[in-house]
>>> print(open('target-v6.cif').read())   # mmCIF, C-alpha atoms and all ligand atoms
data_protein
loop_
_atom_site.label_atom_id
_atom_site.label_comp_id
_atom_site.auth_asym_id
_atom_site.auth_seq_id
_atom_site.Cartn_x
_atom_site.Cartn_y
_atom_site.Cartn_z
CA MET A 252 -11.86 -205.88 -232.13
CA ASP A 253 -11.36 -202.12 -231.70
CA VAL A 254 -12.52 -199.98 -234.62
CA ARG A 255 -12.66 -196.23 -235.27
CA ALA A 256 -16.13 -194.81 -235.67
CA ALA A 257 -18.10 -191.59 -235.68
CA VAL A 258 -20.84 -192.18 -233.10
CA ALA A 259 -24.18 -190.34 -233.16
CA VAL A 260 -24.61 -189.94 -229.41
CA ALA A 261 -27.84 -187.92 -229.42
CA ALA A 262 -30.13 -186.07 -231.83
CA GLY A 263 -28.77 -182.73 -232.94
CA LYS A 264 -25.28 -183.30 -231.49
CA PRO A 265 -22.12 -183.51 -233.62
CA LEU A 266 -20.78 -187.02 -234.22
CA GLU A 267 -18.09 -188.17 -231.76
CA VAL A 268 -15.11 -189.90 -233.34
CA THR A 269 -13.94 -192.56 -230.96
CA THR A 270 -12.89 -196.20 -230.51
CA VAL A 271 -15.73 -198.72 -230.57
CA GLN A 272 -15.72 -202.49 -230.02
CA LEU A 273 -16.97 -204.63 -232.88
CA GLU A 274 -17.79 -208.34 -232.54
CA GLY A 275 -16.95 -210.69 -235.42
CA PRO A 276 -19.55 -211.95 -237.89
CA ARG A 277 -22.11 -214.52 -236.76
CA ALA A 278 -23.86 -216.98 -239.11
CA PHE A 279 -24.79 -215.45 -242.48
CA GLU A 280 -22.90 -212.26 -241.60
CA VAL A 281 -19.78 -210.68 -243.05
CA LEU A 282 -17.06 -208.46 -241.56
CA VAL A 283 -16.17 -205.65 -243.98
CA GLU A 284 -13.33 -203.14 -243.84
CA ILE A 285 -14.94 -199.91 -245.02
CA LYS A 286 -12.49 -197.96 -247.19
CA ALA A 287 -14.68 -194.94 -247.98
CA THR A 288 -18.14 -193.59 -247.25
CA GLY A 289 -20.24 -190.76 -248.61
CA ILE A 290 -22.32 -188.50 -246.38
CA CYS A 291 -25.94 -188.46 -247.59
CA HIS A 292 -28.64 -186.01 -246.57
CA THR A 293 -30.47 -188.94 -244.97
CA ASP A 294 -27.64 -189.34 -242.42
CA ASP A 295 -28.22 -185.69 -241.54
CA PHE A 296 -31.99 -186.25 -241.38
CA THR A 297 -31.54 -189.03 -238.83
CA LEU A 298 -28.91 -187.15 -236.84
CA SER A 299 -31.25 -184.13 -236.67
CA GLY A 300 -33.83 -186.16 -234.74
CA ALA A 301 -36.50 -185.89 -237.49
CA ASP A 302 -36.36 -189.59 -238.36
CA PRO A 303 -39.08 -191.55 -236.52
CA GLU A 304 -36.77 -194.58 -236.68
CA GLY A 305 -33.73 -192.68 -235.34
CA ILE A 306 -32.06 -194.48 -232.41
CA PHE A 307 -29.10 -193.25 -230.36
CA PRO A 308 -26.32 -194.04 -229.78
CA ALA A 309 -25.77 -195.34 -233.29
CA ILE A 310 -23.14 -195.48 -235.99
CA LEU A 311 -24.68 -193.77 -239.01
CA GLY A 312 -23.52 -193.96 -242.66
CA HIS A 313 -25.03 -196.02 -245.46
CA GLU A 314 -23.06 -195.06 -248.57
CA GLY A 315 -19.89 -197.12 -248.33
CA ALA A 316 -17.47 -199.37 -250.16
CA GLY A 317 -14.92 -201.79 -248.78
CA VAL A 318 -13.34 -205.23 -248.63
CA VAL A 319 -14.56 -208.47 -247.07
CA VAL A 320 -12.31 -209.45 -244.16
CA GLU A 321 -14.09 -212.48 -242.68
CA VAL A 322 -17.28 -214.41 -243.34
CA GLY A 323 -19.53 -216.09 -240.79
CA LYS A 324 -20.89 -219.63 -240.93
CA GLY A 325 -23.13 -220.35 -243.87
CA VAL A 326 -21.92 -217.50 -246.06
CA THR A 327 -21.47 -218.81 -249.59
CA SER A 328 -21.55 -215.85 -251.97
CA LEU A 329 -18.61 -213.86 -250.56
CA LYS A 330 -15.04 -214.52 -249.45
CA PRO A 331 -12.24 -212.48 -247.87
CA GLY A 332 -10.76 -210.04 -250.36
CA ASP A 333 -13.99 -209.43 -252.29
CA HIS A 334 -14.79 -205.78 -252.95
CA VAL A 335 -18.29 -204.91 -251.78
CA ILE A 336 -20.86 -202.14 -251.47
CA PRO A 337 -23.17 -202.30 -248.43
CA LEU A 338 -26.89 -202.30 -249.25
CA TYR A 339 -29.46 -200.61 -247.04
CA THR A 340 -31.98 -202.26 -249.32
CA PRO A 341 -30.84 -205.90 -249.28
CA GLU A 342 -31.78 -208.51 -251.84
CA CYS A 343 -32.49 -211.94 -250.32
CA ARG A 344 -34.10 -213.30 -253.52
CA GLU A 345 -36.42 -215.42 -251.35
CA CYS A 346 -38.95 -213.15 -249.60
CA PRO A 347 -42.38 -212.44 -251.12
CA SER A 348 -41.22 -208.96 -252.14
CA CYS A 349 -38.08 -210.18 -253.95
CA LEU A 350 -40.06 -212.98 -255.58
CA SER A 351 -42.85 -210.63 -256.68
CA ARG A 352 -40.51 -208.92 -259.17
CA LYS A 353 -42.70 -205.85 -258.47
CA THR A 354 -40.47 -204.12 -255.92
CA ASN A 355 -36.88 -203.86 -254.71
CA LEU A 356 -38.05 -203.52 -251.10
CA CYS A 357 -36.79 -206.85 -249.74
CA THR A 358 -38.51 -207.60 -246.45
CA ALA A 359 -36.19 -210.31 -245.14
CA ILE A 360 -34.51 -208.16 -242.47
CA ARG A 361 -36.33 -204.80 -242.61
CA SER A 362 -37.80 -204.93 -239.09
CA THR A 363 -34.52 -205.63 -237.25
CA GLN A 364 -32.72 -203.17 -239.53
CA GLY A 365 -35.15 -200.45 -238.39
CA GLN A 366 -34.42 -201.35 -234.76
CA GLY A 367 -30.68 -200.83 -235.29
CA VAL A 368 -29.71 -204.47 -234.82
CA MET A 369 -28.59 -207.47 -236.86
CA PRO A 370 -31.22 -210.03 -237.95
CA ASP A 371 -30.69 -212.05 -234.74
CA GLY A 372 -31.78 -209.01 -232.70
CA THR A 373 -28.37 -208.06 -231.30
CA SER A 374 -25.80 -205.39 -232.13
CA ARG A 375 -22.17 -206.11 -233.00
CA PHE A 376 -21.11 -202.61 -231.83
CA SER A 377 -20.51 -201.53 -228.22
CA ILE A 378 -18.51 -199.06 -226.17
CA ASN A 379 -17.22 -200.42 -222.84
CA GLY A 380 -19.98 -203.05 -222.90
CA GLU A 381 -22.78 -200.55 -223.69
CA LYS A 382 -24.73 -201.28 -226.88
CA VAL A 383 -24.29 -199.00 -229.88
CA HIS A 384 -26.86 -199.41 -232.68
CA HIS A 385 -26.33 -200.17 -236.34
CA TYR A 386 -27.95 -197.79 -238.88
CA MET A 387 -29.84 -198.78 -242.02
CA GLY A 388 -28.07 -202.12 -241.63
CA CYS A 389 -24.83 -200.52 -242.84
CA SER A 390 -23.03 -198.24 -240.31
CA THR A 391 -20.38 -197.11 -242.75
CA PHE A 392 -19.12 -194.34 -240.45
CA ALA A 393 -16.85 -197.01 -238.94
CA ASN A 394 -13.70 -198.40 -240.53
CA TYR A 395 -14.98 -201.95 -239.94
CA THR A 396 -18.61 -203.05 -239.84
CA VAL A 397 -20.66 -206.25 -239.92
CA LEU A 398 -23.50 -206.80 -242.40
CA PRO A 399 -25.76 -209.66 -243.41
CA GLU A 400 -24.55 -211.44 -246.54
CA ILE A 401 -27.76 -210.44 -248.37
CA ALA A 402 -26.90 -206.77 -247.79
CA LEU A 403 -23.65 -206.79 -249.75
CA ALA A 404 -23.14 -206.35 -253.49
CA LYS A 405 -19.91 -207.86 -254.83
CA VAL A 406 -18.37 -205.39 -257.30
CA ASN A 407 -15.52 -205.11 -259.79
CA PRO A 408 -12.25 -204.72 -257.83
CA ALA A 409 -10.89 -202.31 -260.47
CA ALA A 410 -13.18 -199.53 -259.21
CA ALA A 411 -11.89 -196.97 -256.68
CA PHE A 412 -13.58 -197.17 -253.28
CA ASP A 413 -13.62 -193.40 -252.80
CA LYS A 414 -15.78 -193.03 -255.92
CA ILE A 415 -18.02 -196.10 -255.96
CA CYS A 416 -19.10 -195.62 -252.36
CA TYR A 417 -21.51 -193.05 -253.85
CA ILE A 418 -23.22 -195.89 -255.76
CA GLY A 419 -24.22 -197.20 -252.31
CA CYS A 420 -26.94 -194.53 -252.25
CA GLY A 421 -26.90 -191.27 -254.26
CA VAL A 422 -25.92 -192.47 -257.73
CA THR A 423 -28.18 -195.52 -257.71
CA THR A 424 -31.10 -193.62 -256.19
CA GLY A 425 -30.97 -190.80 -258.75
CA ILE A 426 -30.34 -192.85 -261.87
CA GLY A 427 -32.63 -195.66 -260.70
CA ALA A 428 -35.50 -193.24 -260.04
CA VAL A 429 -35.38 -192.34 -263.74
CA ILE A 430 -34.80 -195.76 -265.23
CA ASN A 431 -36.49 -198.20 -262.83
CA THR A 432 -39.21 -196.13 -261.20
CA ALA A 433 -40.36 -193.47 -263.69
CA LYS A 434 -39.19 -195.46 -266.75
CA VAL A 435 -38.47 -192.25 -268.66
CA GLU A 436 -38.49 -192.54 -272.45
CA MET A 437 -36.48 -190.74 -275.16
CA GLY A 438 -37.69 -187.21 -275.89
CA ALA A 439 -39.45 -186.75 -272.53
CA THR A 440 -39.70 -183.50 -270.57
CA ALA A 441 -38.70 -183.55 -266.90
CA ILE A 442 -38.38 -181.28 -263.89
CA VAL A 443 -35.97 -182.04 -261.04
CA PHE A 444 -36.57 -180.20 -257.75
CA GLY A 445 -33.39 -179.97 -255.66
CA LEU A 446 -30.01 -180.23 -257.34
CA GLY A 447 -27.96 -181.85 -254.59
CA GLY A 448 -26.28 -185.22 -254.38
CA ILE A 449 -29.47 -186.98 -255.51
CA GLY A 450 -30.95 -184.44 -257.93
CA LEU A 451 -27.79 -184.26 -260.04
CA ASN A 452 -27.88 -188.02 -260.42
CA VAL A 453 -31.52 -187.78 -261.52
CA ILE A 454 -30.30 -185.30 -264.13
CA GLN A 455 -27.57 -187.61 -265.38
CA GLY A 456 -30.14 -190.43 -265.43
CA LEU A 457 -32.44 -188.27 -267.57
CA ARG A 458 -29.59 -187.54 -269.95
CA LEU A 459 -28.87 -191.28 -270.16
CA ALA A 460 -32.56 -191.98 -270.88
CA GLY A 461 -32.59 -189.40 -273.69
CA ALA A 462 -34.91 -186.79 -272.17
CA ASP A 463 -35.20 -183.62 -274.30
CA MET A 464 -36.03 -180.93 -271.77
CA ILE A 465 -34.49 -181.24 -268.32
CA ILE A 466 -35.49 -178.41 -265.99
CA GLY A 467 -33.65 -178.07 -262.68
CA VAL A 468 -35.23 -176.15 -259.78
CA ASP A 469 -33.16 -175.00 -256.82
CA LEU A 470 -33.07 -172.08 -254.38
CA ASN A 471 -29.28 -171.93 -254.73
CA ASN A 472 -28.07 -170.29 -257.95
CA ASP A 473 -24.71 -172.07 -257.68
CA LYS A 474 -26.58 -175.23 -258.68
CA LYS A 475 -27.23 -173.88 -262.21
CA ALA A 476 -23.70 -174.65 -263.38
CA TRP A 477 -23.81 -178.00 -261.58
CA GLY A 478 -27.03 -179.03 -263.31
CA GLU A 479 -25.75 -177.96 -266.73
CA ARG A 480 -22.61 -180.03 -266.16
CA PHE A 481 -24.78 -183.20 -266.15
CA GLY A 482 -27.37 -182.41 -268.82
CA MET A 483 -29.85 -179.87 -267.40
CA THR A 484 -31.28 -177.68 -270.17
CA HIS A 485 -33.11 -175.01 -268.09
CA PHE A 486 -32.63 -173.69 -264.55
CA VAL A 487 -35.33 -172.11 -262.38
CA ASN A 488 -34.80 -170.46 -259.01
CA PRO A 489 -38.23 -170.27 -257.33
CA LEU A 490 -37.13 -167.12 -255.47
CA GLU A 491 -36.62 -165.33 -258.80
CA VAL A 492 -39.59 -166.33 -260.98
CA GLY A 493 -41.78 -163.44 -259.77
CA GLU A 494 -44.99 -165.51 -259.89
CA ASP A 495 -46.26 -168.83 -258.58
CA LEU A 496 -43.79 -171.58 -259.40
CA VAL A 497 -46.25 -174.20 -260.69
CA PRO A 498 -47.90 -172.08 -263.45
CA TYR A 499 -44.45 -170.82 -264.39
CA LEU A 500 -43.18 -174.37 -264.89
CA VAL A 501 -46.35 -175.48 -266.66
CA ASN A 502 -45.92 -172.60 -269.10
CA LEU A 503 -42.23 -173.40 -269.61
CA THR A 504 -43.06 -176.97 -270.60
CA LYS A 505 -45.67 -176.11 -273.28
CA ARG A 506 -44.37 -177.58 -276.49
CA GLY A 507 -45.58 -177.45 -280.11
CA ALA A 508 -49.23 -178.31 -280.59
CA ASP A 509 -49.54 -179.34 -276.93
CA GLN A 510 -50.36 -176.11 -275.13
CA ILE A 511 -51.51 -177.76 -271.89
CA GLY A 512 -48.04 -177.84 -270.39
CA GLY A 513 -46.61 -179.71 -267.46
CA ALA A 514 -43.67 -182.11 -267.53
CA ASP A 515 -43.96 -185.78 -268.43
CA TYR A 516 -41.89 -186.59 -265.33
CA THR A 517 -41.07 -184.65 -262.16
CA PHE A 518 -38.82 -185.62 -259.25
CA ASP A 519 -38.68 -184.28 -255.70
CA CYS A 520 -35.12 -184.43 -254.39
CA THR A 521 -35.58 -182.00 -251.48
CA GLY A 522 -37.58 -183.83 -248.80
CA ASN A 523 -39.80 -180.74 -248.51
CA THR A 524 -43.50 -181.71 -248.58
CA LYS A 525 -44.52 -178.38 -250.17
CA VAL A 526 -42.05 -179.04 -252.98
CA MET A 527 -43.48 -182.55 -253.40
CA ARG A 528 -46.89 -180.94 -254.04
CA GLN A 529 -45.39 -178.48 -256.52
CA ALA A 530 -43.69 -181.37 -258.31
CA LEU A 531 -46.96 -183.30 -258.65
CA GLU A 532 -48.88 -180.26 -259.86
CA ALA A 533 -46.18 -179.32 -262.37
CA SER A 534 -46.55 -182.70 -264.07
CA HIS A 535 -48.65 -183.07 -267.20
CA ARG A 536 -52.43 -183.49 -267.06
CA GLY A 537 -53.42 -186.96 -268.23
CA TRP A 538 -50.09 -188.72 -267.93
CA GLY A 539 -47.59 -186.88 -265.70
CA LYS A 540 -45.65 -189.03 -263.25
CA SER A 541 -44.20 -187.41 -260.14
CA VAL A 542 -41.64 -189.32 -258.12
CA VAL A 543 -41.00 -188.57 -254.45
CA ILE A 544 -37.37 -189.28 -253.59
CA GLY A 545 -36.88 -186.86 -250.68
CA VAL A 546 -37.39 -188.12 -247.14
CA ALA A 547 -39.53 -186.01 -244.80
CA GLY A 548 -39.55 -185.90 -241.01
CA ALA A 549 -41.93 -187.49 -238.50
CA GLY A 550 -45.41 -185.97 -238.64
CA GLN A 551 -45.03 -184.37 -242.05
CA GLU A 552 -47.65 -185.15 -244.69
CA ILE A 553 -48.20 -184.48 -248.37
CA SER A 554 -51.43 -183.07 -249.77
CA THR A 555 -53.00 -181.95 -253.01
CA ARG A 556 -56.48 -181.61 -254.48
CA PRO A 557 -57.68 -185.09 -255.51
CA PHE A 558 -58.50 -183.39 -258.84
CA GLN A 559 -54.75 -183.52 -259.59
CA LEU A 560 -54.91 -187.31 -259.55
CA VAL A 561 -58.38 -187.59 -261.08
CA THR A 562 -56.97 -185.76 -264.06
CA GLY A 563 -54.39 -188.42 -264.69
CA ARG A 564 -51.28 -187.56 -262.73
CA THR A 565 -49.53 -190.37 -260.85
CA TRP A 566 -47.82 -189.73 -257.52
CA MET A 567 -45.18 -192.35 -256.81
CA GLY A 568 -42.09 -192.85 -254.68
CA THR A 569 -38.79 -194.66 -254.84
CA ALA A 570 -36.31 -196.13 -252.36
CA PHE A 571 -32.76 -196.76 -253.60
CA GLY A 572 -34.03 -195.95 -257.09
CA GLY A 573 -35.93 -199.20 -257.27
CA ALA A 574 -32.60 -201.02 -257.60
CA ARG A 575 -32.19 -204.66 -256.60
CA GLY A 576 -28.87 -204.22 -254.87
CA ARG A 577 -26.97 -207.46 -255.44
CA THR A 578 -28.10 -207.60 -259.06
CA ASP A 579 -28.03 -203.94 -260.13
CA VAL A 580 -25.24 -202.33 -258.08
CA PRO A 581 -22.42 -204.37 -259.72
CA LYS A 582 -23.81 -203.28 -263.12
CA ILE A 583 -23.78 -199.62 -262.10
CA VAL A 584 -20.16 -199.97 -260.97
CA ASP A 585 -19.38 -201.35 -264.44
CA TRP A 586 -21.24 -198.44 -266.09
CA TYR A 587 -18.96 -196.14 -264.10
CA LEU A 588 -15.82 -198.04 -265.16
CA ASP A 589 -17.02 -197.96 -268.79
CA GLY A 590 -17.55 -194.18 -268.65
CA LYS A 591 -21.34 -194.41 -269.13
CA ILE A 592 -22.00 -192.43 -265.96
CA GLU A 593 -20.04 -189.78 -264.09
CA ILE A 594 -19.20 -189.81 -260.42
CA ASP A 595 -15.84 -188.10 -259.87
CA PRO A 596 -16.89 -184.45 -260.39
CA MET A 597 -19.77 -184.78 -257.91
CA ILE A 598 -17.39 -185.75 -255.11
CA THR A 599 -16.45 -182.23 -254.14
CA HIS A 600 -14.82 -182.90 -250.77
CA VAL A 601 -12.75 -185.74 -249.30
CA MET A 602 -11.80 -185.89 -245.62
CA PRO A 603 -10.53 -188.24 -242.89
CA LEU A 604 -13.02 -189.62 -240.34
CA GLU A 605 -11.79 -187.10 -237.75
CA ASP A 606 -13.26 -184.29 -239.93
CA ILE A 607 -16.62 -185.93 -240.64
CA ASN A 608 -18.59 -183.15 -238.96
CA LYS A 609 -17.11 -180.74 -241.52
CA GLY A 610 -18.81 -182.84 -244.20
CA PHE A 611 -22.18 -182.18 -242.54
CA GLU A 612 -21.39 -178.45 -242.32
CA LEU A 613 -20.53 -178.36 -246.02
CA MET A 614 -23.88 -180.03 -246.80
CA HIS A 615 -25.77 -177.47 -244.67
CA SER A 616 -24.05 -174.55 -246.37
CA GLY A 617 -24.81 -175.89 -249.86
CA LYS A 618 -21.09 -175.84 -250.72
CA SER A 619 -20.69 -179.56 -251.33
CA ILE A 620 -22.39 -182.00 -253.64
CA ARG A 621 -20.93 -185.08 -251.95
CA SER A 622 -18.38 -185.28 -249.18
CA VAL A 623 -16.57 -188.59 -248.89
CA VAL A 624 -14.74 -189.86 -245.81
CA VAL A 625 -11.68 -191.94 -246.68
CA TYR A 626 -10.34 -194.26 -243.99
P1 LIG B 701 -28.70 -182.29 -250.66
O1 LIG B 701 -28.72 -181.52 -249.40
O2 LIG B 701 -27.40 -182.62 -251.31
O3 LIG B 701 -29.57 -181.52 -251.78
C1 LIG B 701 -30.81 -180.91 -251.56
C2 LIG B 701 -30.98 -179.77 -252.59
O4 LIG B 701 -32.30 -179.28 -252.52
C3 LIG B 701 -30.04 -178.59 -252.36
O5 LIG B 701 -29.39 -178.23 -253.55
C4 LIG B 701 -30.98 -177.49 -251.88
O6 LIG B 701 -30.54 -176.19 -252.25
C5 LIG B 701 -32.27 -177.87 -252.61
N1 LIG B 701 -33.50 -177.33 -252.01
C6 LIG B 701 -33.82 -177.28 -250.69
N2 LIG B 701 -35.04 -176.73 -250.54
C7 LIG B 701 -35.52 -176.47 -251.78
C8 LIG B 701 -36.73 -175.92 -252.29
N3 LIG B 701 -37.70 -175.51 -251.47
N4 LIG B 701 -36.87 -175.81 -253.63
C9 LIG B 701 -35.89 -176.20 -254.46
N5 LIG B 701 -34.69 -176.73 -254.04
C10 LIG B 701 -34.53 -176.85 -252.72
O7 LIG B 701 -29.50 -183.62 -250.36
P2 LIG B 701 -29.42 -185.02 -251.17
O8 LIG B 701 -28.33 -185.85 -250.59
O9 LIG B 701 -29.45 -184.74 -252.61
O10 LIG B 701 -30.81 -185.68 -250.70
C11 LIG B 701 -32.04 -185.15 -251.18
C12 LIG B 701 -33.21 -185.85 -250.49
O11 LIG B 701 -33.29 -187.20 -250.93
C13 LIG B 701 -33.11 -185.91 -248.98
O12 LIG B 701 -34.41 -185.74 -248.43
C14 LIG B 701 -32.61 -187.33 -248.72
O13 LIG B 701 -32.93 -187.76 -247.42
C15 LIG B 701 -33.37 -188.07 -249.80
N6 LIG B 701 -32.86 -189.39 -250.23
C16 LIG B 701 -33.79 -190.34 -250.51
C17 LIG B 701 -33.38 -191.58 -251.02
C18 LIG B 701 -34.38 -192.61 -251.36
O14 LIG B 701 -34.00 -193.79 -251.53
N7 LIG B 701 -35.65 -192.28 -251.50
C19 LIG B 701 -32.01 -191.83 -251.18
C20 LIG B 701 -31.10 -190.82 -250.87
C21 LIG B 701 -31.53 -189.60 -250.41
N1 LIG B 702 -36.59 -194.06 -241.28
C1 LIG B 702 -37.22 -193.20 -242.23
C2 LIG B 702 -37.22 -193.83 -243.61
C3 LIG B 702 -36.40 -193.04 -244.49
C4 LIG B 702 -36.45 -193.62 -245.89
O1 LIG B 702 -37.49 -193.62 -246.55
N2 LIG B 702 -35.31 -194.14 -246.32
C5 LIG B 702 -35.17 -194.60 -247.68
C6 LIG B 702 -33.72 -194.57 -248.01
S1 LIG B 702 -33.02 -192.95 -247.88
C7 LIG B 702 -31.41 -193.22 -248.30
O2 LIG B 702 -30.72 -192.07 -248.24
C8 LIG B 702 -35.62 -196.04 -247.84
O3 LIG B 702 -34.90 -196.91 -248.28
N3 LIG B 702 -36.85 -196.29 -247.51
C9 LIG B 702 -37.42 -197.61 -247.55
C10 LIG B 702 -37.37 -198.25 -246.19
O4 LIG B 702 -37.72 -199.41 -246.07
O5 LIG B 702 -36.96 -197.54 -245.23
C11 LIG B 702 -38.64 -192.86 -241.85
O6 LIG B 702 -39.12 -191.83 -242.35
O7 LIG B 702 -39.23 -193.61 -241.07
ZN ZN B 703 -28.70 -191.92 -248.76
#
>>> encode(input="target-v6.cif", output="structure tokens", more="lines below")
Ligand code: NAD
Ligand code: AHE
Ligand code: ZN
Amino acid sequence: MDVRAAVAVAAGKPLEVTTVQLEGPRAFEVLVEIKATGICHTDDFTLSGADPEGIFPAILGHEGAGVVVEVGKGVTSLKPGDHVIPLYTPECRECPSCLSRKTNLCTAIRSTQGQGVMPDGTSRFSINGEKVHHYMGCSTFANYTVLPEIALAKVNPAAAFDKICYIGCGVTTGIGAVINTAKVEMGATAIVFGLGGIGLNVIQGLRLAGADMIIGVDLNNDKKAWGERFGMTHFVNPLEVGEDLVPYLVNLTKRGADQIGGADYTFDCTGNTKVMRQALEASHRGWGKSVVIGVAGAGQEISTRPFQLVTGRTWMGTAFGGARGRTDVPKIVDWYLDGKIEIDPMITHVMPLEDINKGFELMHSGKSIRSVVVY
């Protein structure tokens, strides 16, 4: 069938909105009509050419929501009409990782997903017979896409697609980093570096967890009001502190009898490896946990003095907020419907597919929190 898609033709080039051919679902696959998709910084990262797994041409997009149109042979958990959110972290419930209960990083289809193809090694997308790759197993920058059954979460049909698409990455990553990965407790102190589409969800996760002091750090002063809107208690612009950022933050987090300082939990939501180091070193001696959420380009590395770890700090990372997609995503959709979490105010821009490149420009300029393409 012919579908409309924004194709990433080469690194660093704008997406080209065009007609693409999509094959129907094979065994254990599902054809989904995508109704809305968010634009995440990771799409931009891959489009920029910094992603070592980036392949072109490809149909990017991994933050979608839509409706099941057709199921392939062997599919048992979904039927046409079901509302679904695509999962770049699938949940097969059978692989050693799923069975371990120690990680959400299902390994059932990770290698083919990274090669831009379906689990059988082929792509469903093409243009005039030439292969176009899938992306993160989702390719939500197309109005129809094919996914493996294990990469779809069935969600409450009462929820609006143009809002819950954000649960497909940003919302779940931010809130999950707090609840599943860091396991933040009531009364904790926290520092969030980077108050974009992910960082603001970390902040709302911290508010949900009952953190006392929530410090937001961003180079853009416009993010102060944004952070406060979701529970941030203090804002720091590194360009304005007039001294080194880490000692400044350590001092800010000194509380009561504890004059050592440093936050109980810190989160990098920038993808900048220097910020990752600052986040680790601004966490509390003896027990601080620092969570890397940001994704950094090929060849980039993190470093610190081993002393930082010897003295009890833990450096950790999270993908998709540690969420098990088919189990947790439907619950997060229900939290949204019940008013436990906010999504609507963070979706600052909505556009048709034809204007998708404007969504990337808005991200670069720092004017948007989330842009959503509605089909
Ligand atoms: P975004 O562009 O919306 O936000 C980034 C924010 O960081 C902006 O507000 C920017 O002003 C701020 N910033 C940039 N440099 C800074 C610095 N040196 N100090 C302080 N603030 C700085 O991006 P996003 O969509 O929120 O994504 C954030 C990162 O998270 C990206 O690297 C993205 O690829 C990654 N990500 C990871 C996962 C995961 O599962 N681990 C999921 C989604 C996104
Ligand atoms: N291809 C990249 C990996 C980037 C990365 O770490 N992606 C996150 C999701 S970001 C969503 O916005 C992730 O899920 N990682 C786990 C995994 O298996 O990829 C690179 O750097 O190679
Ligand atoms: Zn993302």
>>> residues_near_ligand(input="target-v6.cif", ligand="ligand LIG 701 (chain B)", cutoff="6 Å", atoms="all atoms listed in the file", output="number ranges by chain")
A: 291-293, 420-421, 424, 444-450, 468-471, 520-522, 526, 544-546, 569-572, 614, 620
>>> atom_distance(input="target-v6.cif", atom1="atom CA of A:Pro370", atom2="atom CA of A:Glu274")
14.6 Å
>>> atom_distance(input="target-v6.cif", atom1="atom CA of A:Ala460", atom2="atom CA of A:Val429")
7.7 Å
>>> residues_around(input="target-v6.cif", residues="A:Ile426", least_positions_apart="2", cutoff="6 Å", atoms="only C-alpha atoms", output="PDB file with C-alpha atoms, in the coordinates of the input")
ATOM      1  CA  THR A 423     -28.180-195.520-257.710  1.00  0.00           C
ATOM      2  CA  THR A 424     -31.100-193.620-256.190  1.00  0.00           C
ATOM      3  CA  ALA A 428     -35.500-193.240-260.040  1.00  0.00           C
ATOM      4  CA  VAL A 429     -35.380-192.340-263.740  1.00  0.00           C
ATOM      5  CA  ASN A 452     -27.880-188.020-260.420  1.00  0.00           C
ATOM      6  CA  VAL A 453     -31.520-187.780-261.520  1.00  0.00           C
ATOM      7  CA  GLY A 456     -30.140-190.430-265.430  1.00  0.00           C
TER       8      GLY A 456
END
>>> closest_residue(input="target-v6.cif", among="A:Cys389, A:Ala262, A:Ala256, A:Ala433", to="ligand ZN 703 (chain B)", atoms="only C-alpha atoms and all ligand atoms")
A:Cys389
>>> closest_residue(input="target-v6.cif", among="A:Gly365, A:Gly550, A:Arg621, A:Arg277", to="ligand ZN 703 (chain B)", atoms="only C-alpha atoms and all ligand atoms")
A:Arg621
>>> closest_residue(input="target-v6.cif", among="A:Val406, A:Val543, A:Leu273, A:Met567", to="A:Asn379", atoms="only C-alpha atoms")
A:Leu273
>>> axis_aligned_box(input="target-v6.cif", around="stretch 542-558 of chain A", padding_each_side="6 Å", output="JSON")
{"center_x": -47.7, "center_y": -185.5, "center_z": -248.7, "size_x": 33.6, "size_y": 19.7, "size_z": 32.3}
>>> closest_residue(input="target-v6.cif", among="A:Leu338, A:Val601, A:Ala278, A:Met369", to="ligand ZN 703 (chain B)", atoms="only C-alpha atoms and all ligand atoms")
A:Leu338
>>> closest_residue(input="target-v6.cif", among="A:Val268, A:Ile598, A:Leu298, A:Leu613", to="A:Gly548", atoms="all atoms listed in the file")
A:Leu298
>>> closest_residue(input="target-v6.cif", among="A:Gly617, A:Gly482, A:Gly576, A:Pro276", to="A:Gly325", atoms="all atoms listed in the file")
A:Pro276
>>> residues_around(input="target-v6.cif", residues="A:Glu304", least_positions_apart="6", cutoff="9 Å", atoms="only C-alpha atoms", output="list in words")
Thr297, Gly365, Gln366, Gly367 and Ala549 of chain A
>>> residues_around(input="target-v6.cif", residues="A:Ala574", least_positions_apart="6", cutoff="12 Å", atoms="only C-alpha atoms", output="ChimeraX atom specification")
/A:338-342,349,352-357,404,418-432,580-583
>>> atom_distance(input="target-v6.cif", atom1="atom CA of A:Trp566", atom2="atom CA of A:Ala547")
15.6 Å
>>> residues_around(input="target-v6.cif", residues="A:Leu560", least_positions_apart="2", cutoff="12 Å", atoms="only C-alpha atoms", output="CSV table (one decimal) with C-alpha atoms, keeping the file's coordinate frame")
chain,number,residue,atom,x,y,z
A,528,ARG,CA,-46.9,-180.9,-254.0
A,531,LEU,CA,-47.0,-183.3,-258.6
A,532,GLU,CA,-48.9,-180.3,-259.9
A,534,SER,CA,-46.6,-182.7,-264.1
A,535,HIS,CA,-48.6,-183.1,-267.2
A,536,ARG,CA,-52.4,-183.5,-267.1
A,537,GLY,CA,-53.4,-187.0,-268.2
A,538,TRP,CA,-50.1,-188.7,-267.9
A,539,GLY,CA,-47.6,-186.9,-265.7
A,540,LYS,CA,-45.6,-189.0,-263.2
A,541,SER,CA,-44.2,-187.4,-260.1
A,554,SER,CA,-51.4,-183.1,-249.8
A,555,THR,CA,-53.0,-182.0,-253.0
A,556,ARG,CA,-56.5,-181.6,-254.5
A,557,PRO,CA,-57.7,-185.1,-255.5
A,558,PHE,CA,-58.5,-183.4,-258.8
A,562,THR,CA,-57.0,-185.8,-264.1
A,563,GLY,CA,-54.4,-188.4,-264.7
A,564,ARG,CA,-51.3,-187.6,-262.7
A,565,THR,CA,-49.5,-190.4,-260.8
A,566,TRP,CA,-47.8,-189.7,-257.5
A,567,MET,CA,-45.2,-192.4,-256.8
